[in-house]
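Asker: This is the structure I want to talk about, given as structure tokens.
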Amino acid sequence: MPLEAKDSPCRGFCTTALGDDVCRSCGRTFEEVTGWIGYSEEQKQACWERLIREGWVDLDCSPLRGK
């Protein structure tokens, strides 16, 4: 499963810290960003799948948006 290649979709410049509900860099919601460390593997997998489906990352976990 390629999603194991990277633990977090974080790209190092989170816009949720600036008040955005969805990070313009990685595509995660504020709740996903703040809760990530405590997420189960299933929750992380579901988030990764949504980010891929919405075009934020490709199957190799490379960012496609927010560059």
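Here, A, B, ... name the chains of the structure tokens in the order displayed, residue numbers run from 1 inside each chain, and ligands are numbered from 1 in the same displayed order.
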Within 10 Å of range 46-48 of chain A, counting only C-alpha atoms, which residues qualify if same-chain residues fewer than 3 places away don't, as JSON, numbers by chain?

Answerer: {"A": [3, 4, 7, 8, 9, 27, 28, 29, 32, 36, 39, 40, 41, 42, 43, 51, 52, 53, 54, 56, 57, 58, 59, 61]}

Asker: Considering only C-alpha atoms, can you say which of A:Gly35, A:Gln45, A:Arg24, A:Phe30 comes closest to Gly12 in chain A?

Answerer: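 Smallest distance to Gly12 in chain A is found for A:Arg24.
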
Asker: How many Å lie between CA of Cys26 in chain A and CA of Phe13 in chain A, rounded to one decimal?

Answerer: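 Computing the Euclidean distance for CA of Cys26 in chain A and CA of Phe13 in chain A yields 8.7 Å.
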